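Coordinates as given in model13.cif (mmCIF, C-alpha atoms):
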data_work
loop_
_atom_site.label_atom_id
_atom_site.label_comp_id
_atom_site.auth_asym_id
_atom_site.auth_seq_id
_atom_site.Cartn_x
_atom_site.Cartn_y
_atom_site.Cartn_z
CA MET P 1 123.24 -64.44 136.88
CA GLU P 2 123.16 -64.91 133.13
CA ALA P 3 122.14 -61.92 131.04
CA VAL P 4 119.08 -62.38 128.89
CA ARG P 5 119.12 -61.56 125.21
CA PRO P 6 116.29 -59.58 123.63
CA ALA P 7 114.61 -60.35 120.35
CA ALA P 8 116.77 -59.08 117.52
CA SER P 9 115.59 -56.39 115.17
CA GLY P 10 116.36 -56.93 111.52
CA ALA P 11 116.90 -53.35 110.41
CA ARG P 12 119.59 -52.26 107.98
CA THR P 13 118.31 -48.93 106.76
CA TYR P 14 120.23 -45.63 106.60
CA GLY P 15 117.91 -42.85 105.42
CA PRO P 16 118.17 -39.89 105.55
CA PHE P 17 115.02 -39.73 107.65
CA THR P 18 113.12 -36.62 108.60
CA THR P 19 111.86 -36.29 112.14
CA ARG P 20 110.93 -33.66 114.72
CA ILE P 21 111.48 -33.11 118.41
CA THR P 22 108.41 -33.87 120.52
CA ALA P 23 109.86 -33.41 124.00
CA GLN P 24 112.97 -32.41 125.83
CA ARG P 25 114.03 -32.82 129.45
CA ARG P 26 117.11 -31.95 131.44
CA LEU P 27 118.84 -34.93 133.01
CA SER P 28 121.54 -33.02 134.87
CA PRO P 29 123.48 -29.76 134.45
CA ARG P 30 125.61 -31.60 131.90
CA ALA P 31 123.14 -33.73 129.96
CA PHE P 32 119.65 -33.67 128.49
CA GLU P 33 117.32 -36.02 126.67
CA ILE P 34 115.34 -35.30 123.51
CA THR P 35 112.45 -37.35 122.17
CA LEU P 36 111.99 -37.69 118.42
CA VAL P 37 109.20 -39.03 116.26
CA LYS P 38 110.27 -42.48 115.06
CA PRO P 39 109.86 -42.69 111.28
CA ARG P 40 107.77 -45.67 110.28
CA SER P 41 110.51 -47.23 108.14
CA PHE P 42 113.28 -46.76 110.69
CA ASP P 43 114.42 -49.68 112.82
CA PHE P 44 117.51 -50.43 114.89
CA ASN P 45 119.07 -52.83 117.37
CA ALA P 46 119.56 -51.81 120.98
CA GLY P 47 122.99 -50.25 121.38
CA GLN P 48 123.14 -48.66 117.93
CA ARG P 49 123.35 -44.94 117.25
CA LEU P 50 121.97 -42.50 114.77
CA ARG P 51 123.72 -39.64 113.00
CA LEU P 52 121.86 -36.40 113.53
CA ARG P 53 122.22 -33.53 111.07
CA HIS P 54 121.65 -30.16 112.63
CA ALA P 55 123.13 -26.68 112.31
CA ALA P 56 125.07 -27.79 109.19
CA ALA P 57 126.89 -30.40 111.27
CA GLU P 58 126.58 -34.12 112.00
CA ARG P 59 126.84 -35.82 115.36
CA ASP P 60 126.37 -39.45 116.41
CA TYR P 61 124.15 -40.17 119.41
CA SER P 62 123.34 -43.54 120.93
CA ILE P 63 119.67 -44.31 121.29
CA VAL P 64 118.34 -44.60 124.85
CA SER P 65 114.95 -46.06 123.97
CA ALA P 66 114.24 -49.64 122.93
CA PRO P 67 113.56 -50.60 119.31
CA ALA P 68 109.99 -51.56 120.25
CA GLU P 69 109.16 -48.12 121.65
CA ALA P 70 107.06 -45.68 119.62
CA ASP P 71 109.56 -42.82 119.93
CA ILE P 72 113.30 -42.39 119.75
CA ARG P 73 115.01 -40.91 122.78
CA LEU P 74 118.59 -39.61 122.73
CA CYS P 75 120.79 -38.79 125.69
CA ILE P 76 122.99 -35.82 124.83
CA ARG P 77 126.01 -34.51 126.69
CA HIS P 78 126.06 -30.73 126.76
CA VAL P 79 129.44 -29.66 125.44
CA ALA P 80 130.38 -26.16 126.61
CA GLY P 81 130.60 -24.05 123.47
CA GLY P 82 129.56 -27.01 121.34
CA LEU P 83 127.54 -26.00 118.30
CA VAL P 84 125.16 -28.94 118.00
CA SER P 85 124.56 -29.78 121.66
CA THR P 86 123.95 -26.11 122.48
CA GLN P 87 121.41 -25.66 119.68
CA LEU P 88 119.70 -28.97 120.40
CA GLY P 89 119.47 -28.04 124.06
CA GLN P 90 117.52 -24.94 123.11
CA ALA P 91 115.46 -26.48 120.31
CA PRO P 92 111.70 -26.33 121.04
CA ALA P 93 109.22 -29.11 120.40
CA GLY P 94 108.41 -29.23 116.71
CA THR P 95 111.98 -28.57 115.55
CA ARG P 96 112.61 -30.61 112.42
CA LEU P 97 115.77 -32.69 112.11
CA THR P 98 117.21 -35.23 109.71
CA PHE P 99 119.25 -38.29 110.57
CA THR P 100 120.75 -41.42 109.07
CA GLY P 101 121.08 -44.76 110.72
CA PRO P 102 121.21 -47.01 112.50
CA HIS P 103 124.99 -47.04 112.72
CA GLY P 104 127.44 -49.15 114.69
CA TYR P 105 127.82 -52.67 115.99
CA PHE P 106 127.76 -52.02 119.74
CA THR P 107 124.94 -54.48 120.26
CA PHE P 108 124.41 -57.16 122.85
CA LYS P 109 125.80 -60.61 122.06
CA ALA P 110 124.30 -63.61 123.81
CA SER P 111 126.64 -65.23 126.28
CA SER P 112 126.75 -67.69 129.15
CA ARG P 113 129.42 -65.61 130.89
CA PRO P 114 128.90 -62.74 133.31
CA VAL P 115 128.15 -59.48 131.53
CA VAL P 116 129.70 -56.23 132.74
CA PHE P 117 128.54 -52.90 131.34
CA VAL P 118 130.93 -50.00 132.02
CA ALA P 119 129.79 -46.47 131.19
CA THR P 120 131.01 -42.97 131.82
CA GLY P 121 128.52 -40.10 131.64
CA THR P 122 126.17 -40.31 128.67
CA GLY P 123 127.87 -43.58 127.71
CA ILE P 124 125.06 -45.19 129.67
CA ALA P 125 122.67 -44.58 126.75
CA PRO P 126 123.17 -47.85 124.82
CA PHE P 127 122.86 -49.86 128.06
CA CYS P 128 119.49 -48.22 128.75
CA SER P 129 118.32 -49.32 125.32
CA MET P 130 119.59 -52.87 125.90
CA ASP P 131 117.91 -52.95 129.30
CA ALA P 132 114.65 -51.63 127.89
CA SER P 133 114.86 -54.40 125.29
CA GLY P 134 114.80 -57.09 127.93
CA ILE P 135 118.43 -57.65 128.89
CA SER P 136 118.86 -58.13 132.62
CA GLY P 137 121.18 -59.74 135.11
CA TYR P 138 124.23 -57.67 134.22
CA THR P 139 126.64 -55.70 136.35
CA LEU P 140 126.64 -52.01 135.49
CA LEU P 141 129.29 -49.52 136.54
CA HIS P 142 128.36 -45.90 135.88
CA GLY P 143 131.16 -43.39 136.25
CA VAL P 144 130.18 -39.76 136.75
CA ALA P 145 131.54 -36.68 138.45
CA THR P 146 128.66 -36.10 140.88
CA SER P 147 125.53 -37.97 141.92
CA GLU P 148 123.28 -35.59 139.98
CA ASP P 149 124.73 -37.19 136.83
CA LEU P 150 123.35 -40.61 137.75
CA TYR P 151 120.52 -40.24 135.25
CA TYR P 152 118.57 -43.40 134.41
CA ARG P 153 119.60 -44.94 137.75
CA ASP P 154 116.01 -45.54 138.82
CA PHE P 155 115.24 -47.17 135.51
CA ILE P 156 118.29 -49.43 135.34
CA GLN P 157 118.89 -50.41 138.94
CA PRO P 158 115.94 -52.84 139.31
CA HIS P 159 117.09 -54.96 136.35
CA ALA P 160 120.80 -55.11 137.09
CA ALA P 161 122.36 -57.89 139.15
CA ALA P 162 124.61 -55.14 140.46
CA TYR P 163 124.52 -51.40 139.89
CA VAL P 164 127.55 -49.43 141.02
CA ALA P 165 127.65 -45.66 140.90
CA CYS P 166 131.29 -44.54 140.73
CA LEU P 167 131.75 -40.90 141.70
CA SER P 168 135.03 -39.32 140.70
CA GLY P 169 134.23 -35.75 141.74
CA SER P 170 135.40 -34.02 144.90
CA ARG P 171 132.12 -34.40 146.81
CA PRO P 172 131.95 -37.43 149.12
CA ALA P 173 130.04 -40.39 147.76
CA ALA P 174 126.77 -41.35 149.44
CA PRO P 175 126.40 -44.74 151.15
CA GLY P 176 126.34 -47.46 148.51
CA GLN P 177 128.31 -45.38 146.03
CA PHE P 178 131.92 -46.00 145.13
CA PRO P 179 134.27 -43.04 145.63
CA GLY P 180 136.50 -43.14 142.56
CA ARG P 181 136.63 -43.88 138.85
CA VAL P 182 135.10 -46.95 137.26
CA THR P 183 138.63 -48.07 136.47
CA ASP P 184 139.45 -48.06 140.19
CA TYR P 185 136.37 -50.15 140.89
CA VAL P 186 137.27 -52.70 138.23
CA GLU P 187 140.80 -52.91 139.58
CA LYS P 188 139.91 -53.16 143.27
CA HIS P 189 136.54 -54.86 143.49
CA LEU P 190 135.46 -56.72 140.36
CA PRO P 191 135.91 -60.50 140.85
CA ARG P 192 138.63 -61.91 138.59
CA ARG P 193 136.96 -64.13 136.00
CA ALA P 194 136.30 -64.20 132.27
CA CYS P 195 133.43 -61.86 131.47
CA ASP P 196 131.85 -60.13 128.49
CA PHE P 197 132.74 -56.46 128.92
CA TYR P 198 130.88 -53.67 127.15
CA LEU P 199 132.65 -50.31 127.50
CA CYS P 200 131.08 -47.03 126.44
CA GLY P 201 132.07 -43.44 127.05
CA ARG P 202 135.36 -41.65 127.56
CA GLN P 203 138.38 -42.70 125.53
CA ASP P 204 140.70 -42.84 128.54
CA MET P 205 138.27 -45.04 130.49
CA ILE P 206 138.08 -47.46 127.57
CA ARG P 207 141.85 -47.58 127.29
CA ASP P 208 142.46 -48.07 131.01
CA VAL P 209 139.75 -50.70 131.52
CA THR P 210 140.79 -52.61 128.40
CA LEU P 211 144.40 -52.74 129.55
CA LEU P 212 143.20 -53.97 132.97
CA ILE P 213 141.13 -56.67 131.29
CA ASP P 214 144.20 -57.77 129.33
CA GLU P 215 146.12 -58.21 132.57
CA GLU P 216 143.52 -59.34 135.08
CA PHE P 217 140.51 -60.80 133.27
CA GLN P 218 142.04 -63.17 130.74
CA GLY P 219 139.65 -64.89 128.39
CA SER P 220 137.18 -62.02 128.49
CA LEU P 221 135.52 -60.48 125.46
CA VAL P 222 135.64 -56.69 125.05
CA TYR P 223 133.23 -54.60 123.00
CA SER P 224 133.71 -50.87 123.10
CA GLU P 225 132.20 -47.64 121.82
CA VAL P 226 134.18 -44.41 122.18
CA PHE P 227 131.99 -41.37 122.82
CA TYR P 228 134.40 -38.57 123.63
CA MET Z 1 133.55 -39.75 117.98
CA LYS Z 2 137.23 -40.44 118.53
CA ILE Z 3 138.89 -43.05 116.38
CA TYR Z 4 141.60 -43.93 118.87
CA THR Z 5 141.49 -45.35 122.39
CA GLY Z 6 145.10 -46.29 123.05
CA SER Z 7 143.93 -49.73 124.21
CA GLY Z 8 146.26 -51.30 121.65
CA ASP Z 9 149.38 -49.54 122.89
CA ARG Z 10 150.68 -52.71 124.54
CA GLY Z 11 150.49 -54.84 121.43
CA LYS Z 12 147.00 -56.31 121.69
CA THR Z 13 143.86 -55.49 119.79
CA SER Z 14 140.18 -56.50 119.85
CA LEU Z 15 138.62 -58.69 117.22
CA PHE Z 16 135.13 -57.81 116.03
CA SER Z 17 134.01 -60.82 118.06
CA GLY Z 18 135.47 -59.27 121.22
CA GLU Z 19 138.57 -61.39 121.88
CA ARG Z 20 141.75 -59.56 122.81
CA VAL Z 21 144.58 -60.95 120.69
CA PRO Z 22 148.22 -60.05 119.97
CA LYS Z 23 148.59 -57.85 116.93
CA ASP Z 24 150.65 -60.51 115.17
CA ASN Z 25 147.74 -62.95 115.41
CA GLU Z 26 147.09 -64.70 112.08
CA ARG Z 27 143.59 -63.21 111.94
CA ILE Z 28 145.02 -59.69 112.24
CA ASP Z 29 147.58 -60.56 109.54
CA ALA Z 30 144.75 -61.62 107.26
CA TYR Z 31 142.54 -58.58 107.61
CA GLY Z 32 145.60 -56.33 107.71
CA ASP Z 33 146.59 -57.59 104.28
CA LEU Z 34 143.02 -57.20 103.14
CA ASP Z 35 143.12 -53.59 104.33
CA GLU Z 36 146.35 -53.10 102.40
CA LEU Z 37 144.68 -54.52 99.30
CA ASN Z 38 141.77 -52.13 99.70
CA SER Z 39 144.16 -49.19 100.01
CA VAL Z 40 146.06 -50.28 96.91
CA ILE Z 41 142.77 -50.39 95.01
CA GLY Z 42 142.25 -46.80 96.15
CA ALA Z 43 145.62 -45.87 94.66
CA LEU Z 44 144.69 -47.75 91.50
CA ILE Z 45 141.45 -45.76 91.21
CA ALA Z 46 143.40 -42.54 91.62
CA ALA Z 47 145.74 -43.61 88.79
CA LEU Z 48 143.04 -44.65 86.31
CA PRO Z 49 143.21 -42.96 82.92
CA ARG Z 50 140.52 -40.45 81.98
CA HIS Z 51 137.12 -41.58 80.73
CA THR Z 52 137.09 -44.82 82.74
CA GLU Z 53 134.17 -44.04 85.03
CA GLY Z 54 132.84 -47.57 84.65
CA LEU Z 55 136.10 -49.04 85.92
CA ARG Z 56 136.08 -46.71 88.91
CA GLN Z 57 132.58 -47.84 89.84
CA GLU Z 58 133.57 -51.50 89.49
CA LEU Z 59 136.61 -51.03 91.69
CA GLU Z 60 134.65 -49.18 94.36
CA LYS Z 61 132.17 -52.05 94.42
CA PHE Z 62 135.09 -54.42 95.04
CA GLN Z 63 136.33 -52.17 97.85
CA SER Z 64 132.94 -52.50 99.53
CA ASP Z 65 133.02 -56.27 99.05
CA LEU Z 66 136.39 -56.36 100.82
CA PHE Z 67 134.88 -54.64 103.86
CA HIS Z 68 132.35 -57.46 104.15
CA ILE Z 69 135.14 -60.04 103.86
CA GLY Z 70 137.16 -58.14 106.46
CA ALA Z 71 134.33 -58.36 108.96
CA TRP Z 72 134.32 -62.16 108.65
CA LEU Z 73 138.11 -62.30 108.99
CA ALA Z 74 137.84 -60.26 112.19
CA THR Z 75 135.30 -62.64 113.73
CA SER Z 76 136.18 -65.90 115.43
CA PRO Z 77 134.36 -68.97 114.11
CA GLY Z 78 131.03 -69.42 115.82
CA ALA Z 79 131.21 -66.17 117.80
CA PRO Z 80 127.88 -64.53 118.70
CA ALA Z 81 129.02 -61.40 116.86
CA ALA Z 82 128.80 -63.34 113.59
CA SER Z 83 125.01 -63.02 113.75
CA SER Z 84 125.31 -59.31 112.91
CA LEU Z 85 127.42 -59.97 109.81
CA GLN Z 86 126.11 -60.04 106.29
CA PRO Z 87 126.73 -63.38 104.54
CA LEU Z 88 129.17 -63.02 101.63
CA ASP Z 89 127.55 -63.04 98.22
CA PRO Z 90 127.80 -66.61 96.88
CA ASP Z 91 127.74 -65.17 93.34
CA GLY Z 92 130.52 -62.63 93.98
CA ALA Z 93 133.14 -64.66 92.10
CA ALA Z 94 130.75 -65.24 89.19
CA ALA Z 95 130.26 -61.48 88.87
CA LEU Z 96 134.04 -61.06 88.74
CA GLU Z 97 134.26 -63.69 86.03
CA ARG Z 98 131.82 -61.70 83.91
CA PHE Z 99 134.02 -58.60 84.30
CA ILE Z 100 137.13 -60.61 83.43
CA ASP Z 101 135.55 -62.19 80.35
CA ARG Z 102 134.27 -58.83 79.11
CA ILE Z 103 137.71 -57.20 79.37
CA ASP Z 104 139.68 -60.23 78.21
CA ALA Z 105 137.65 -60.46 74.99
CA THR Z 106 139.08 -57.08 73.93
CA LEU Z 107 142.74 -58.01 74.58
CA PRO Z 108 145.27 -59.64 72.23
CA PRO Z 109 145.97 -63.26 73.21
CA LEU Z 110 148.79 -63.86 75.66
CA THR Z 111 151.76 -65.68 74.22
CA GLY Z 112 154.04 -65.70 77.28
CA PHE Z 113 154.88 -63.96 80.50
CA ILE Z 114 154.64 -60.17 80.56
CA LEU Z 115 156.57 -57.75 82.76
CA PRO Z 116 154.38 -55.94 85.31
CA GLY Z 117 154.33 -52.24 84.49
CA GLY Z 118 153.38 -49.76 81.81
CA HIS Z 119 150.84 -47.02 82.60
CA PRO Z 120 150.70 -45.98 86.31
CA GLY Z 121 147.16 -47.37 86.52
CA ALA Z 122 148.31 -50.70 85.07
CA SER Z 123 151.25 -50.78 87.47
CA TRP Z 124 148.92 -50.28 90.44
CA ALA Z 125 146.71 -53.06 89.08
CA HIS Z 126 149.73 -55.39 89.12
CA ILE Z 127 150.52 -54.38 92.70
CA ALA Z 128 146.86 -55.00 93.63
CA ARG Z 129 147.14 -58.43 92.00
CA THR Z 130 150.14 -59.41 94.11
CA VAL Z 131 148.74 -58.02 97.37
CA CYS Z 132 145.50 -59.85 96.58
CA ARG Z 133 147.46 -63.11 96.19
CA ARG Z 134 149.17 -62.57 99.55
CA THR Z 135 145.82 -61.88 101.18
CA GLU Z 136 144.42 -65.01 99.61
CA ARG Z 137 147.30 -67.05 101.07
CA ARG Z 138 146.63 -65.57 104.52
CA VAL Z 139 142.94 -66.45 104.32
CA VAL Z 140 143.73 -69.98 103.15
CA ARG Z 141 145.98 -70.40 106.19
CA LEU Z 142 143.30 -68.96 108.47
CA SER Z 143 140.59 -71.21 107.09
CA ALA Z 144 142.53 -74.43 107.62
CA GLY Z 145 140.85 -76.57 110.23
CA ILE Z 146 137.82 -74.37 110.88
CA ALA Z 147 135.13 -76.71 112.11
CA HIS Z 148 132.30 -74.21 112.41
CA ALA Z 149 130.18 -74.69 109.29
CA GLU Z 150 129.02 -71.10 108.75
CA SER Z 151 132.48 -69.59 109.25
CA ALA Z 152 134.08 -72.23 106.99
CA GLU Z 153 131.46 -71.47 104.34
CA GLN Z 154 132.09 -67.71 104.48
CA LEU Z 155 135.89 -68.03 104.40
CA GLY Z 156 135.53 -70.48 101.52
CA ARG Z 157 133.59 -67.83 99.60
CA ALA Z 158 136.25 -65.25 100.47
CA ILE Z 159 139.01 -67.48 99.08
CA VAL Z 160 137.17 -68.00 95.79
CA TYR Z 161 136.46 -64.27 95.55
CA LEU Z 162 140.09 -63.27 96.20
CA ASN Z 163 141.33 -65.86 93.73
CA ARG Z 164 139.12 -64.39 91.02
CA LEU Z 165 139.83 -60.79 92.04
CA SER Z 166 143.54 -61.35 91.52
CA ASP Z 167 142.83 -62.59 87.99
CA TYR Z 168 140.69 -59.51 87.43
CA PHE Z 169 143.62 -57.23 88.30
CA PHE Z 170 145.81 -59.03 85.79
CA VAL Z 171 143.44 -58.45 82.89
CA LEU Z 172 142.71 -54.95 84.14
CA ALA Z 173 146.42 -54.08 83.96
CA ARG Z 174 146.57 -55.24 80.34
CA HIS Z 175 143.31 -53.41 79.60
CA ILE Z 176 144.58 -50.11 80.96
CA ASN Z 177 147.80 -50.40 78.97
CA ARG Z 178 145.83 -51.15 75.83
CA LEU Z 179 143.54 -48.15 76.43
CA GLN Z 180 146.65 -45.98 76.69
CA GLY Z 181 148.31 -47.48 73.60
CA ILE Z 182 151.02 -49.18 75.67
CA GLU Z 183 152.06 -52.63 74.51
CA ASP Z 184 152.72 -55.42 76.98
CA THR Z 185 156.45 -56.01 77.49
CA SER Z 186 157.19 -59.69 77.05
CA TRP Z 187 159.61 -61.50 79.31
CA LYS Z 188 162.80 -62.28 77.42
CA ARG Z 189 164.84 -65.16 78.78
#
Can I see the file as structure tokens?
Amino acid sequence: MEAVRPAASGARTYGPFTTRITAQRRLSPRAFEITLVKPRSFDFNAGQRLRLRHAAAERDYSIVSAPAEADIRLCIRHVAGGLVSTQLGQAPAGTRLTFTGPHGYFTFKASSRPVVFVATGTGIAPFCSMDASGISGYTLLHGVATSEDLYYRDFIQPHAAAYVACLSGSRPAAPGQFPGRVTDYVEKHLPRRACDFYLCGRQDMIRDVTLLIDEEFQGSLVYSEVFY
Amino acid sequence: MKIYTGSGDRGKTSLFSGERVPKDNERIDAYGDLDELNSVIGALIAALPRHTEGLRQELEKFQSDLFHIGAWLATSPGAPAASSLQPLDPDGAAALERFIDRIDATLPPLTGFILPGGHPGASWAHIARTVCRRTERRVVRLSAGIAHAESAEQLGRAIVYLNRLSDYFFVLARHINRLQGIEDTSWKR
């Protein structure tokens, strides 16, 4: 199935913008989502990120929500001992923040070829935004340690041509889930043909999948965003 | 965010437009030379004499312009990714000409070839001039036979810009030497 392209946003603004947290929810023991007021003059394209300033530090986070939505939602990986993620995880509604953006070029490019999204952990964030913007018909591989990290599954699954949860942790995978890393799935199960690959998440996943694409999926395009 | 992935460890890299190409691809050569040019301009800025804030600002503007050119060099003609690129300023070369004319009007007329060198800032300007010429040659080679109208148009603008930028570095080198009281050394046969 061919992926559908959403209407493009025309934004090229960087701020800094002032905003505040309006809601927060835990996605799993390792990730949470915060909702921010979207400043009137801020715009972005699905897949882009913003640079949050908090606790005298800056961190980039991909936006989960679609450009057309009234709020901005961010999916944040809780880093043990991490200054920003720890403080954000405890920040109550009303906490004021500043950010610049949008940053990055990890946006969807129209194509007649099969589209494969590959994410590890919170690397699913830009694909949620693309999906919420109207893109459908893609294959999505989400690599996580355990099934409780399959946040956004219920949102994404109905729009994907194929949704594959890849569980690399020690617990056995449930029926319909793939026991192993996303790289293993690409190597063993993804049909060999030229695709448009979008890779987001861990550095070693991006390296391993890209090298596999070089060898096994000649003629493919690769767009990647390294998270951690 | 990490800046490395290791996905280029086997000699391939990704273009902005997503294709995986060998690192000796002519497109990589072109934006690699452009990157070198930008770095040389950075060294030139660091070597500028005191009280030349205006020159520093000009040069930093050119560094930003080169980033825009680099994005076009890293994008295959007609690729969907081109839609997220900013068109190159069609008046970029004209702006350079104004800078050149302003500086050149203050310099003694040239009567022959001069030896590259003099003040460290002037020497870096000469190096920038030569790297700029090499980059220009790479882009000319890359642009040959491009059928896609928009890409051909943008690379055409890049060639004109680089041609003029190289001339700018020549007059800038003479300007810096003059500011420092260093006379041009003429070539003696």
| said: Residue by residue, what does the PyMOL selection byres ((chain P and resi 105) around 12) grab here? Present the result as a ChimeraX atom specification. | reply: /P:12,44-50,62,101-104,106-109,126,198,223-225 /Z:16-18,71,81-85
| request: Spell out the residues picked by the PyMOL selection byres ((chain P) within 10 of (chain Z)) here, as a PyMOL selection string. | output: chain P and resi 8+10+59-61+105-111+196-198+201-214+218-228
| Residue IDs satisfying the PyMOL selection byres ((chain P and resi 89) around 12), as number ranges by chain | P: 21, 23-27, 29-35, 54, 74-88, 90-93, 95
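Atom CA of P:Tyr14 lies 27.0 Å from atom CA of Z:Leu37.
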| request: Would you list the contacts of Z:Phe67 as a list in words, taking every protein, DNA or RNA residue within 10 Å and counting only C-alpha atoms, but skipping same-chain residues closer than 4 positions in sequence? | output: Tyr31, Leu34, Asp35, Asn38, Phe62, Gln63, Ala71, Trp72 and Leu73 of chain Z
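Atom CA of Z:Ser151 to atom CA of Z:Pro77 spans 5.2 Å [interatomic distance, one decimal].
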| said: Which residues are near stretch 105-113 of chain Z? Cut-off 9 Å, all atoms listed in the file, ignore same chain within fewer than 3 positions. Put them as a list in words. | reply: Ile100, Asp101, Arg102, Val171, Arg174, His175, Arg178, Thr185, Ser186, Trp187 and Lys188 of chain Z
| said: Let me make sure I understand: among P:Tyr138, P:Tyr151, P:Phe127, P:Phe42, which one has the smallest atom-to-atom distance to P:Tyr163 if we use all atoms listed in the file? | reply: P:Tyr138
Counting only C-alpha atoms, what is within 12 Å of P:Ala160, bar same-chain residues fewer than 3 positions away, as a PDB file with C-alpha atoms, in the coordinates of the input?
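Saved the output as around.pdb:
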ATOM      1  CA  MET P   1     123.240 -64.440 136.880  1.00  0.00           C
ATOM      2  CA  GLU P   2     123.160 -64.910 133.130  1.00  0.00           C
ATOM      3  CA  ALA P   3     122.140 -61.920 131.040  1.00  0.00           C
ATOM      4  CA  VAL P   4     119.080 -62.380 128.890  1.00  0.00           C
ATOM      5  CA  PRO P 114     128.900 -62.740 133.310  1.00  0.00           C
ATOM      6  CA  VAL P 115     128.150 -59.480 131.530  1.00  0.00           C
ATOM      7  CA  VAL P 116     129.700 -56.230 132.740  1.00  0.00           C
ATOM      8  CA  PHE P 117     128.540 -52.900 131.340  1.00  0.00           C
ATOM      9  CA  PHE P 127     122.860 -49.860 128.060  1.00  0.00           C
ATOM     10  CA  CYS P 128     119.490 -48.220 128.750  1.00  0.00           C
ATOM     11  CA  MET P 130     119.590 -52.870 125.900  1.00  0.00           C
ATOM     12  CA  ASP P 131     117.910 -52.950 129.300  1.00  0.00           C
ATOM     13  CA  ALA P 132     114.650 -51.630 127.890  1.00  0.00           C
ATOM     14  CA  GLY P 134     114.800 -57.090 127.930  1.00  0.00           C
ATOM     15  CA  ILE P 135     118.430 -57.650 128.890  1.00  0.00           C
ATOM     16  CA  SER P 136     118.860 -58.130 132.620  1.00  0.00           C
ATOM     17  CA  GLY P 137     121.180 -59.740 135.110  1.00  0.00           C
ATOM     18  CA  TYR P 138     124.230 -57.670 134.220  1.00  0.00           C
ATOM     19  CA  THR P 139     126.640 -55.700 136.350  1.00  0.00           C
ATOM     20  CA  LEU P 140     126.640 -52.010 135.490  1.00  0.00           C
ATOM     21  CA  LEU P 141     129.290 -49.520 136.540  1.00  0.00           C
ATOM     22  CA  HIS P 142     128.360 -45.900 135.880  1.00  0.00           C
ATOM     23  CA  ARG P 153     119.600 -44.940 137.750  1.00  0.00           C
ATOM     24  CA  ASP P 154     116.010 -45.540 138.820  1.00  0.00           C
ATOM     25  CA  PHE P 155     115.240 -47.170 135.510  1.00  0.00           C
ATOM     26  CA  ILE P 156     118.290 -49.430 135.340  1.00  0.00           C
ATOM     27  CA  GLN P 157     118.890 -50.410 138.940  1.00  0.00           C
ATOM     28  CA  TYR P 163     124.520 -51.400 139.890  1.00  0.00           C
ATOM     29  CA  VAL P 164     127.550 -49.430 141.020  1.00  0.00           C
TER      30      VAL P 164
END
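One distance worth recording is that between atom CA of Z:Glu136 and atom CA of Z:Asp33, which is 9.0 Å.
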